[in-house]
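Trainee: Got a structure for you, data01.cif, holding mmCIF, C-alpha atoms and all ligand atoms.
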data_entry
loop_
_atom_site.label_atom_id
_atom_site.label_comp_id
_atom_site.auth_asym_id
_atom_site.auth_seq_id
_atom_site.Cartn_x
_atom_site.Cartn_y
_atom_site.Cartn_z
CA MET J 1172 132.43 115.95 75.49
CA ARG J 1173 135.88 114.68 76.35
CA LYS J 1174 137.50 111.45 75.25
CA ILE J 1175 139.80 109.86 77.83
CA GLU J 1176 142.06 106.86 77.33
CA THR J 1177 143.79 106.27 80.65
CA ILE J 1178 142.60 105.36 84.13
CA HIS J 1179 144.70 108.17 85.62
CA ASP J 1180 143.13 110.84 83.37
CA LEU J 1181 139.62 109.47 83.94
CA ARG J 1182 140.05 109.62 87.72
CA SER J 1183 141.47 113.13 87.70
CA GLY J 1184 138.88 114.22 85.12
CA LEU J 1185 136.00 113.07 87.31
CA ALA J 1186 137.47 114.34 90.60
CA PRO J 1187 135.93 117.87 90.43
CA ALA J 1188 132.44 116.44 89.72
CA ARG J 1189 132.82 113.99 92.59
CA ARG J 1190 134.02 116.74 94.96
CA ALA J 1191 131.02 118.85 93.95
CA GLY J 1192 128.73 115.93 94.85
CA ARG J 1193 127.43 115.54 91.29
CA THR J 1194 125.78 112.17 90.54
CA ILE J 1195 127.82 110.09 88.12
CA GLY J 1196 126.18 107.62 85.74
CA LEU J 1197 128.15 104.95 83.86
CA VAL J 1198 127.01 103.26 80.67
CA PRO J 1199 129.45 100.40 79.98
CA THR J 1200 129.54 99.36 76.29
CA MET J 1201 131.68 97.55 73.77
CA GLY J 1202 130.91 100.22 71.15
CA ALA J 1203 129.21 99.66 67.78
CA LEU J 1204 126.55 101.81 69.37
CA HIS J 1205 122.90 101.55 68.29
CA GLU J 1206 119.49 102.69 69.51
CA GLY J 1207 119.67 100.25 72.43
CA HIS J 1208 122.82 101.98 73.73
CA ARG J 1209 121.31 105.39 72.98
CA SER J 1210 118.35 104.52 75.21
CA LEU J 1211 120.76 103.70 78.09
CA MET J 1212 122.56 107.03 77.57
CA ARG J 1213 119.25 108.94 77.51
CA ILE J 1214 118.08 107.35 80.76
CA ALA J 1215 121.49 108.05 82.34
CA ARG J 1216 121.31 111.64 81.07
CA GLN J 1217 117.90 112.10 82.72
CA GLN J 1218 119.01 110.62 86.04
CA CYS J 1219 122.61 111.80 86.45
CA GLN J 1220 124.54 115.05 86.33
CA GLU J 1221 127.68 113.48 84.82
CA VAL J 1222 127.36 110.74 82.20
CA VAL J 1223 130.33 108.51 81.42
CA VAL J 1224 130.19 105.99 78.56
CA SER J 1225 132.93 103.38 78.38
CA ILE J 1226 133.75 101.86 75.00
CA PHE J 1227 135.96 98.80 75.33
CA VAL J 1228 135.82 95.54 73.40
CA ASN J 1229 136.73 93.34 76.32
CA PRO J 1230 138.92 90.41 75.21
CA THR J 1231 138.38 88.33 78.35
CA GLN J 1232 134.67 87.82 77.69
CA PHE J 1233 135.22 86.23 74.25
CA GLY J 1234 135.96 82.53 73.82
CA PRO J 1235 138.83 81.39 71.58
CA ASN J 1236 136.51 80.71 68.61
CA GLU J 1237 134.30 83.75 69.08
CA ASP J 1238 134.16 87.10 67.27
CA TYR J 1239 136.66 89.21 69.26
CA GLN J 1240 138.83 89.99 66.22
CA ARG J 1241 135.98 90.86 63.88
CA TYR J 1242 133.79 92.62 66.48
CA PRO J 1243 132.89 96.02 64.89
CA ARG J 1244 134.91 99.02 66.16
CA PRO J 1245 133.48 102.13 64.44
CA ALA J 1246 135.23 104.59 66.78
CA GLU J 1247 134.34 107.82 64.98
CA ALA J 1248 130.64 106.94 64.60
CA ASP J 1249 130.54 105.86 68.27
CA LEU J 1250 132.01 109.17 69.43
CA ALA J 1251 129.52 111.08 67.28
CA CYS J 1252 126.68 109.04 68.81
CA CYS J 1253 127.86 109.85 72.36
CA ALA J 1254 128.19 113.55 71.52
CA ASP J 1255 124.67 113.46 70.08
CA GLU J 1256 123.36 111.99 73.36
CA ARG J 1257 125.10 114.73 75.38
CA VAL J 1258 127.51 112.36 77.11
CA ASP J 1259 130.11 114.22 79.20
CA THR J 1260 132.97 111.71 79.10
CA VAL J 1261 133.83 108.78 76.84
CA PHE J 1262 136.34 106.38 78.35
CA MET J 1263 138.11 104.42 75.58
CA PRO J 1264 141.01 102.53 77.16
CA SER J 1265 143.40 100.21 75.34
CA VAL J 1266 143.61 96.50 76.19
CA GLU J 1267 146.99 97.19 77.87
CA GLU J 1268 145.42 99.89 80.05
CA MET J 1269 142.68 97.55 81.29
CA TYR J 1270 144.81 94.40 81.43
CA PRO J 1271 148.42 95.46 82.06
CA VAL J 1272 151.15 92.87 81.74
CA GLY J 1273 151.22 90.74 84.89
CA GLU J 1274 147.57 91.07 85.85
CA THR J 1275 146.14 87.81 87.18
CA THR J 1276 142.89 88.66 88.97
CA ARG J 1277 139.45 87.51 87.81
CA VAL J 1278 136.05 88.20 89.37
CA ALA J 1279 133.74 85.19 89.14
CA VAL J 1280 130.09 84.94 90.15
CA THR J 1281 129.20 81.27 90.67
CA ARG J 1282 125.89 79.37 90.15
CA LEU J 1283 124.08 82.14 88.22
CA THR J 1284 126.70 81.84 85.47
CA GLU J 1285 126.40 78.08 85.01
CA GLY J 1286 123.22 77.92 82.90
CA LEU J 1287 121.84 79.70 79.82
CA CYS J 1288 124.68 81.50 77.99
CA GLY J 1289 127.21 80.37 80.61
CA ARG J 1290 126.78 76.75 79.48
CA PHE J 1291 127.71 77.62 75.90
CA ARG J 1292 130.27 80.36 76.54
CA PRO J 1293 132.59 79.02 79.26
CA GLY J 1294 134.44 81.87 81.00
CA HIS J 1295 132.32 84.55 79.32
CA PHE J 1296 130.74 85.88 82.51
CA ASP J 1297 134.07 85.87 84.38
CA GLY J 1298 135.32 88.23 81.68
CA VAL J 1299 132.21 90.39 82.01
CA THR J 1300 132.29 90.63 85.81
CA THR J 1301 136.04 91.25 85.81
CA VAL J 1302 135.84 94.17 83.38
CA VAL J 1303 132.67 95.60 84.95
CA ALA J 1304 134.23 95.43 88.43
CA LYS J 1305 137.29 97.26 87.07
CA LEU J 1306 135.07 99.91 85.44
CA PHE J 1307 133.12 100.36 88.69
CA ASN J 1308 136.39 100.87 90.57
CA ILE J 1309 137.78 103.24 87.95
CA VAL J 1310 134.66 105.41 87.46
CA GLN J 1311 133.03 104.92 90.89
CA PRO J 1312 129.59 105.77 89.51
CA ASP J 1313 126.45 106.32 91.57
CA ARG J 1314 124.44 104.41 88.97
CA ALA J 1315 125.33 102.01 86.15
CA TYR J 1316 123.05 101.25 83.22
CA PHE J 1317 122.60 97.87 81.51
CA GLY J 1318 120.16 96.57 78.91
CA GLN J 1319 117.62 93.86 79.70
CA LYS J 1320 118.53 92.20 76.39
CA ASP J 1321 121.49 90.66 78.24
CA ALA J 1322 119.15 89.39 80.96
CA GLN J 1323 121.59 86.91 82.50
CA GLN J 1324 124.36 89.54 82.50
CA VAL J 1325 122.14 91.89 84.51
CA VAL J 1326 121.29 89.21 87.08
CA VAL J 1327 124.99 88.29 87.39
CA ILE J 1328 126.13 91.91 87.75
CA ARG J 1329 123.45 92.65 90.35
CA GLN J 1330 124.70 89.65 92.34
CA MET J 1331 128.32 90.83 92.05
CA VAL J 1332 127.33 94.30 93.26
CA ARG J 1333 125.59 92.79 96.29
CA ASP J 1334 128.35 90.30 97.07
CA LEU J 1335 131.25 92.74 96.68
CA CYS J 1336 129.40 95.67 98.30
CA PHE J 1337 129.83 98.09 95.40
CA PRO J 1338 128.17 101.34 96.55
CA LEU J 1339 126.08 101.94 93.44
CA GLU J 1340 122.68 101.30 91.91
CA ILE J 1341 122.20 99.09 88.86
CA VAL J 1342 119.54 100.40 86.50
CA THR J 1343 118.11 97.86 84.03
CA CYS J 1344 116.71 99.41 80.86
CA PRO J 1345 114.13 97.81 78.52
CA ILE J 1346 115.05 95.96 75.32
CA ILE J 1347 114.88 98.21 72.25
CA ARG J 1348 113.51 96.49 69.16
CA GLU J 1349 113.43 97.28 65.44
CA PRO J 1350 109.88 98.06 64.22
CA ASP J 1351 109.55 94.41 63.05
CA GLY J 1352 110.49 93.02 66.48
CA LEU J 1353 114.20 92.16 66.09
CA ALA J 1354 116.04 93.04 69.30
CA MET J 1355 118.75 95.63 68.61
CA SER J 1356 122.27 94.24 68.84
CA SER J 1357 125.70 95.20 67.56
CA ARG J 1358 125.88 91.67 66.15
CA ASN J 1359 122.85 92.28 63.87
CA MET J 1360 125.33 93.82 61.44
CA TYR J 1361 126.71 90.33 60.75
CA LEU J 1362 123.31 89.29 59.28
CA SER J 1363 122.67 89.07 55.52
CA PRO J 1364 119.20 90.26 54.41
CA ALA J 1365 118.03 86.60 54.39
CA ASP J 1366 119.53 85.94 57.86
CA ARG J 1367 117.89 89.07 59.18
CA LYS J 1368 114.49 87.94 57.94
CA GLN J 1369 115.03 84.53 59.51
CA ALA J 1370 116.10 86.16 62.79
CA LEU J 1371 112.55 87.45 63.22
CA SER J 1372 111.64 83.89 64.24
CA LEU J 1373 113.31 84.61 67.61
CA SER J 1374 111.12 87.55 68.65
CA GLY J 1375 108.20 85.80 66.92
CA ALA J 1376 108.61 82.69 69.11
CA LEU J 1377 108.91 84.84 72.24
CA ARG J 1378 105.78 86.79 71.31
CA TRP J 1379 103.94 83.52 70.67
CA ALA J 1380 104.99 82.23 74.11
CA GLN J 1381 103.85 85.44 75.80
CA GLN J 1382 100.44 85.25 74.13
CA THR J 1383 100.05 81.53 74.82
CA ILE J 1384 100.92 82.04 78.50
CA ALA J 1385 98.44 84.95 78.67
CA ALA J 1386 95.83 82.55 77.25
CA GLY J 1387 96.47 80.11 80.12
CA GLN J 1388 99.26 77.69 79.07
CA ARG J 1389 101.49 76.87 82.08
CA ASP J 1390 103.45 73.86 80.85
CA VAL J 1391 107.08 74.86 80.26
CA ALA J 1392 108.06 71.73 78.28
CA ALA J 1393 105.19 72.27 75.81
CA LEU J 1394 106.04 75.97 75.40
CA VAL J 1395 109.75 75.31 74.85
CA ALA J 1396 109.10 72.47 72.35
CA GLU J 1397 106.84 74.68 70.24
CA MET J 1398 109.25 77.64 70.36
CA ARG J 1399 112.16 75.42 69.28
CA GLU J 1400 110.02 74.08 66.43
CA GLN J 1401 109.08 77.58 65.25
CA ILE J 1402 112.73 78.69 65.26
CA ALA J 1403 114.10 75.49 63.66
CA SER J 1404 111.51 75.57 60.88
CA SER J 1405 112.49 79.17 59.93
CA GLY J 1406 115.64 77.95 58.15
CA ARG J 1407 119.18 76.80 58.85
CA CYS J 1408 120.21 77.72 62.38
CA ARG J 1409 121.77 76.28 65.53
CA ILE J 1410 119.81 76.66 68.74
CA ASP J 1411 122.05 76.93 71.81
CA TYR J 1412 119.05 77.04 74.14
CA VAL J 1413 115.43 78.02 74.59
CA GLU J 1414 114.71 78.06 78.32
CA ILE J 1415 112.23 79.30 80.87
CA VAL J 1416 113.78 80.11 84.23
CA ASP J 1417 112.97 82.08 87.36
CA ALA J 1418 113.72 85.71 86.43
CA ASP J 1419 115.77 86.38 89.60
CA SER J 1420 117.41 83.06 90.54
CA LEU J 1421 117.69 81.74 86.92
CA VAL J 1422 116.61 78.31 88.21
CA PRO J 1423 114.76 76.36 85.45
CA LYS J 1424 110.96 76.21 85.77
CA THR J 1425 108.64 73.34 84.95
CA THR J 1426 105.45 75.42 85.26
CA ILE J 1427 104.87 79.12 84.73
CA THR J 1428 104.61 80.64 88.21
CA GLY J 1429 105.92 84.00 89.46
CA ARG J 1430 108.27 86.13 87.33
CA CYS J 1431 109.66 83.92 84.58
CA LEU J 1432 112.40 84.74 82.09
CA ILE J 1433 111.96 83.15 78.67
CA ALA J 1434 115.41 83.34 77.11
CA LEU J 1435 117.01 81.99 73.96
CA ALA J 1436 120.27 82.00 72.06
CA VAL J 1437 120.42 80.96 68.42
CA HIS J 1438 123.15 81.02 65.76
CA ILE J 1439 121.87 82.35 62.43
CA GLY J 1440 124.47 82.75 59.68
CA PRO J 1441 127.60 84.25 61.28
CA ALA J 1442 125.74 85.74 64.27
CA ARG J 1443 124.88 84.35 67.67
CA LEU J 1444 121.71 86.17 68.70
CA ILE J 1445 120.09 86.34 72.12
CA ASP J 1446 116.64 87.62 73.09
CA ASN J 1447 114.20 87.27 75.98
CA VAL J 1448 110.93 88.35 77.57
CA VAL J 1449 109.80 88.33 81.20
CA VAL J 1450 106.29 87.04 81.93
CA GLU J 1451 104.27 86.90 85.15
CA GLY J 1452 102.69 83.53 85.98
O1 LIG I 1 126.99 94.26 77.50
C1 LIG I 1 128.12 94.57 77.07
O2 LIG I 1 128.26 95.30 76.08
C2 LIG I 1 129.36 94.05 77.77
O3 LIG I 1 129.17 92.77 78.22
C3 LIG I 1 129.84 94.98 78.89
C4 LIG I 1 128.82 95.07 80.01
C5 LIG I 1 130.12 96.37 78.34
C6 LIG I 1 131.15 94.44 79.49
O4 LIG I 1 132.14 94.36 78.53
#
Written as structure tokens, how would this file's structure read?
Ligand code: PAF
Mentor:
Amino acid sequence: MRKIETIHDLRSGLAPARRAGRTIGLVPTMGALHEGHRSLMRIARQQCQEVVVSIFVNPTQFGPNEDYQRYPRPAEADLACCADERVDTVFMPSVEEMYPVGETTRVAVTRLTEGLCGRFRPGHFDGVTTVVAKLFNIVQPDRAYFGQKDAQQVVVIRQMVRDLCFPLEIVTCPIIREPDGLAMSSRNMYLSPADRKQALSLSGALRWAQQTIAAGQRDVAALVAEMREQIASSGRCRIDYVEIVDADSLVPKTTITGRCLIALAVHIGPARLIDNVVVEG
């Protein structure tokens, strides 16, 4: 496995594989790698001949009062994890490499970024699409792998790929959960033992909604009210949103019909946690 820090070296490093027609898979990450990331790497490893993992804590997707400074950066452990998953290349650029002095371009997907997390994290998705577009141009992968846990991010990136004609396939990989249901996230490491226990109310509320919909409930307002109540009664927290939207267009639903995304974002202790499930109406 090779570790590369510059765009120039990454391009020349991948040139022989590209010339040989080998399929290139990209797993974009911000590091602090966990089982969720490992699952993306494993799927990429199965489907591609060359696997590139990028590790870059992207400053432009954090708001001024968010956790950019304290976001975990365990570089050595991350490299060991990539080696363990038989990654070929780890791309770990500096902020200056990705955003050189004088850069002024942003990539913005409209409409799909207005609701859900976009409402509470202004500018977040512009940062995501800008850095992902740069990574696509730098690596030029055949496939790129993203986790369904960031459901809105996947919808937004798919739209960007369509709109900007990026010649690659987006592969969405399932959410990986702890045995007790908590969705894996780099931000789980901010949770105290008590916070972590309380955080189970998120996957618990989603599971309840899934079961209640399977039993015939179709009324979105009633489902959302009960989920909010379950989460709020678990302890001190701040709910950004609990919403049910169309899984592709992200337009809010009033009744459960078609593929619906049930998504939530909740602050527990120092962590802002997101989770979701997709149900069929
Ligand atoms: O999902 C993430 O970790 C980030 O948003 C991504 C896609 C690596 C862009 O910085």
Trainee: Considering only C-alpha atoms and all ligand atoms, tabulate each residue of chain J that lies at most 7 Å from ligand LIG 1 (chain I) along with its nearest interatomic pair and the corresponding distance in Å to one decimal; arrange the rows by chain and ascending residue number and present them as a tab-separated table.
Mentor:
residue	atom	partner	partner_atom	distance
J:Pro1199	CA	I:LIG1	C5	4.4
J:Thr1200	CA	I:LIG1	C5	3.7
J:Met1201	CA	I:LIG1	O2	4.7
J:Phe1227	CA	I:LIG1	O4	6.7
J:Val1228	CA	I:LIG1	O4	6.4
J:Asn1229	CA	I:LIG1	O4	5.2
J:Val1299	CA	I:LIG1	C6	4.9
J:Val1302	CA	I:LIG1	C6	6.1
J:Val1303	CA	I:LIG1	C6	5.8
J:Phe1317	CA	I:LIG1	O1	7.0
J:Asp1321	CA	I:LIG1	O1	6.6
Trainee: Nearest to Val1437 in chain J: which of J:Ala1370, J:Met1212, J:Leu1377, J:Met1269 is it, counting all atoms listed in the file?
Mentor: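 Closest to Val1437 in chain J of all the choices is J:Ala1370.
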Trainee: Within 6 Å of range 1434-1436 of chain J, counting all atoms listed in the file, which residues qualify if same-chain residues fewer than 6 places away don't, as an MDAnalysis selection string?
Mentor: chainID J and resid 1411:1414 1444:1447
Trainee: Export C-alpha atoms of the chosen residues as an mmCIF file, in the coordinates of the input?
Mentor:
data_model
loop_
_atom_site.group_PDB
_atom_site.id
_atom_site.type_symbol
_atom_site.label_atom_id
_atom_site.label_comp_id
_atom_site.auth_asym_id
_atom_site.auth_seq_id
_atom_site.Cartn_x
_atom_site.Cartn_y
_atom_site.Cartn_z
ATOM 1 C CA ASP J 1411 122.050 76.930 71.810
ATOM 2 C CA TYR J 1412 119.050 77.040 74.140
ATOM 3 C CA VAL J 1413 115.430 78.020 74.590
ATOM 4 C CA GLU J 1414 114.710 78.060 78.320
ATOM 5 C CA LEU J 1444 121.710 86.170 68.700
ATOM 6 C CA ILE J 1445 120.090 86.340 72.120
ATOM 7 C CA ASP J 1446 116.640 87.620 73.090
ATOM 8 C CA ASN J 1447 114.200 87.270 75.980
#
Trainee: Kindly indicate which residue among J:Pro1312, J:Pro1293, J:Pro1243, J:Pro1271 lies nearest to Val1222 in chain J, using all atoms listed in the file for the distances.
Mentor: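 Checking each candidate against Val1222 in chain J, we get J:Pro1312 as the closest.
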Trainee: Please provide as a CSV table (one decimal) with C-alpha atoms, in the coordinates of the input all residues within 10 Å of Gln1218 in chain J, with the sequence filter that same-chain residues fewer than 5 positions apart are discarded (counting all atoms listed in the file).
Mentor:
chain,number,residue,atom,x,y,z
J,1194,THR,CA,125.8,112.2,90.5
J,1195,ILE,CA,127.8,110.1,88.1
J,1196,GLY,CA,126.2,107.6,85.7
J,1212,MET,CA,122.6,107.0,77.6
J,1213,ARG,CA,119.2,108.9,77.5
J,1314,ARG,CA,124.4,104.4,89.0
Trainee: With distances taken over all atoms listed in the file, which of J:Arg1209, J:Asp1255, J:Leu1371, J:Ala1403 is nearest to Asn1359 in chain J?
Mentor: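 Using all atoms listed in the file, the shortest distance to Asn1359 in chain J belongs to J:Leu1371.
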Trainee: Write out as a ChimeraX atom specification which residues come within 12 Å of range 1174-1179 of chain J when counting all atoms listed in the file, dropping same-chain ones fewer than 2 positions away.
Mentor: /J:1172,1181-1186,1223-1227,1246-1247,1249-1251,1253-1254,1258-1271,1305-1311
Trainee: Given the selection you just returned, output its residues as a file containing C-alpha atoms, formatted as an mmCIF file, in the coordinates of the input.
Mentor:
data_model
loop_
_atom_site.group_PDB
_atom_site.id
_atom_site.type_symbol
_atom_site.label_atom_id
_atom_site.label_comp_id
_atom_site.auth_asym_id
_atom_site.auth_seq_id
_atom_site.Cartn_x
_atom_site.Cartn_y
_atom_site.Cartn_z
ATOM 1 C CA MET J 1172 132.430 115.950 75.490
ATOM 2 C CA LEU J 1181 139.620 109.470 83.940
ATOM 3 C CA ARG J 1182 140.050 109.620 87.720
ATOM 4 C CA SER J 1183 141.470 113.130 87.700
ATOM 5 C CA GLY J 1184 138.880 114.220 85.120
ATOM 6 C CA LEU J 1185 136.000 113.070 87.310
ATOM 7 C CA ALA J 1186 137.470 114.340 90.600
ATOM 8 C CA VAL J 1223 130.330 108.510 81.420
ATOM 9 C CA VAL J 1224 130.190 105.990 78.560
ATOM 10 C CA SER J 1225 132.930 103.380 78.380
ATOM 11 C CA ILE J 1226 133.750 101.860 75.000
ATOM 12 C CA PHE J 1227 135.960 98.800 75.330
ATOM 13 C CA ALA J 1246 135.230 104.590 66.780
ATOM 14 C CA GLU J 1247 134.340 107.820 64.980
ATOM 15 C CA ASP J 1249 130.540 105.860 68.270
ATOM 16 C CA LEU J 1250 132.010 109.170 69.430
ATOM 17 C CA ALA J 1251 129.520 111.080 67.280
ATOM 18 C CA CYS J 1253 127.860 109.850 72.360
ATOM 19 C CA ALA J 1254 128.190 113.550 71.520
ATOM 20 C CA VAL J 1258 127.510 112.360 77.110
ATOM 21 C CA ASP J 1259 130.110 114.220 79.200
ATOM 22 C CA THR J 1260 132.970 111.710 79.100
ATOM 23 C CA VAL J 1261 133.830 108.780 76.840
ATOM 24 C CA PHE J 1262 136.340 106.380 78.350
ATOM 25 C CA MET J 1263 138.110 104.420 75.580
ATOM 26 C CA PRO J 1264 141.010 102.530 77.160
ATOM 27 C CA SER J 1265 143.400 100.210 75.340
ATOM 28 C CA VAL J 1266 143.610 96.500 76.190
ATOM 29 C CA GLU J 1267 146.990 97.190 77.870
ATOM 30 C CA GLU J 1268 145.420 99.890 80.050
ATOM 31 C CA MET J 1269 142.680 97.550 81.290
ATOM 32 C CA TYR J 1270 144.810 94.400 81.430
ATOM 33 C CA PRO J 1271 148.420 95.460 82.060
ATOM 34 C CA LYS J 1305 137.290 97.260 87.070
ATOM 35 C CA LEU J 1306 135.070 99.910 85.440
ATOM 36 C CA PHE J 1307 133.120 100.360 88.690
ATOM 37 C CA ASN J 1308 136.390 100.870 90.570
ATOM 38 C CA ILE J 1309 137.780 103.240 87.950
ATOM 39 C CA VAL J 1310 134.660 105.410 87.460
ATOM 40 C CA GLN J 1311 133.030 104.920 90.890
#
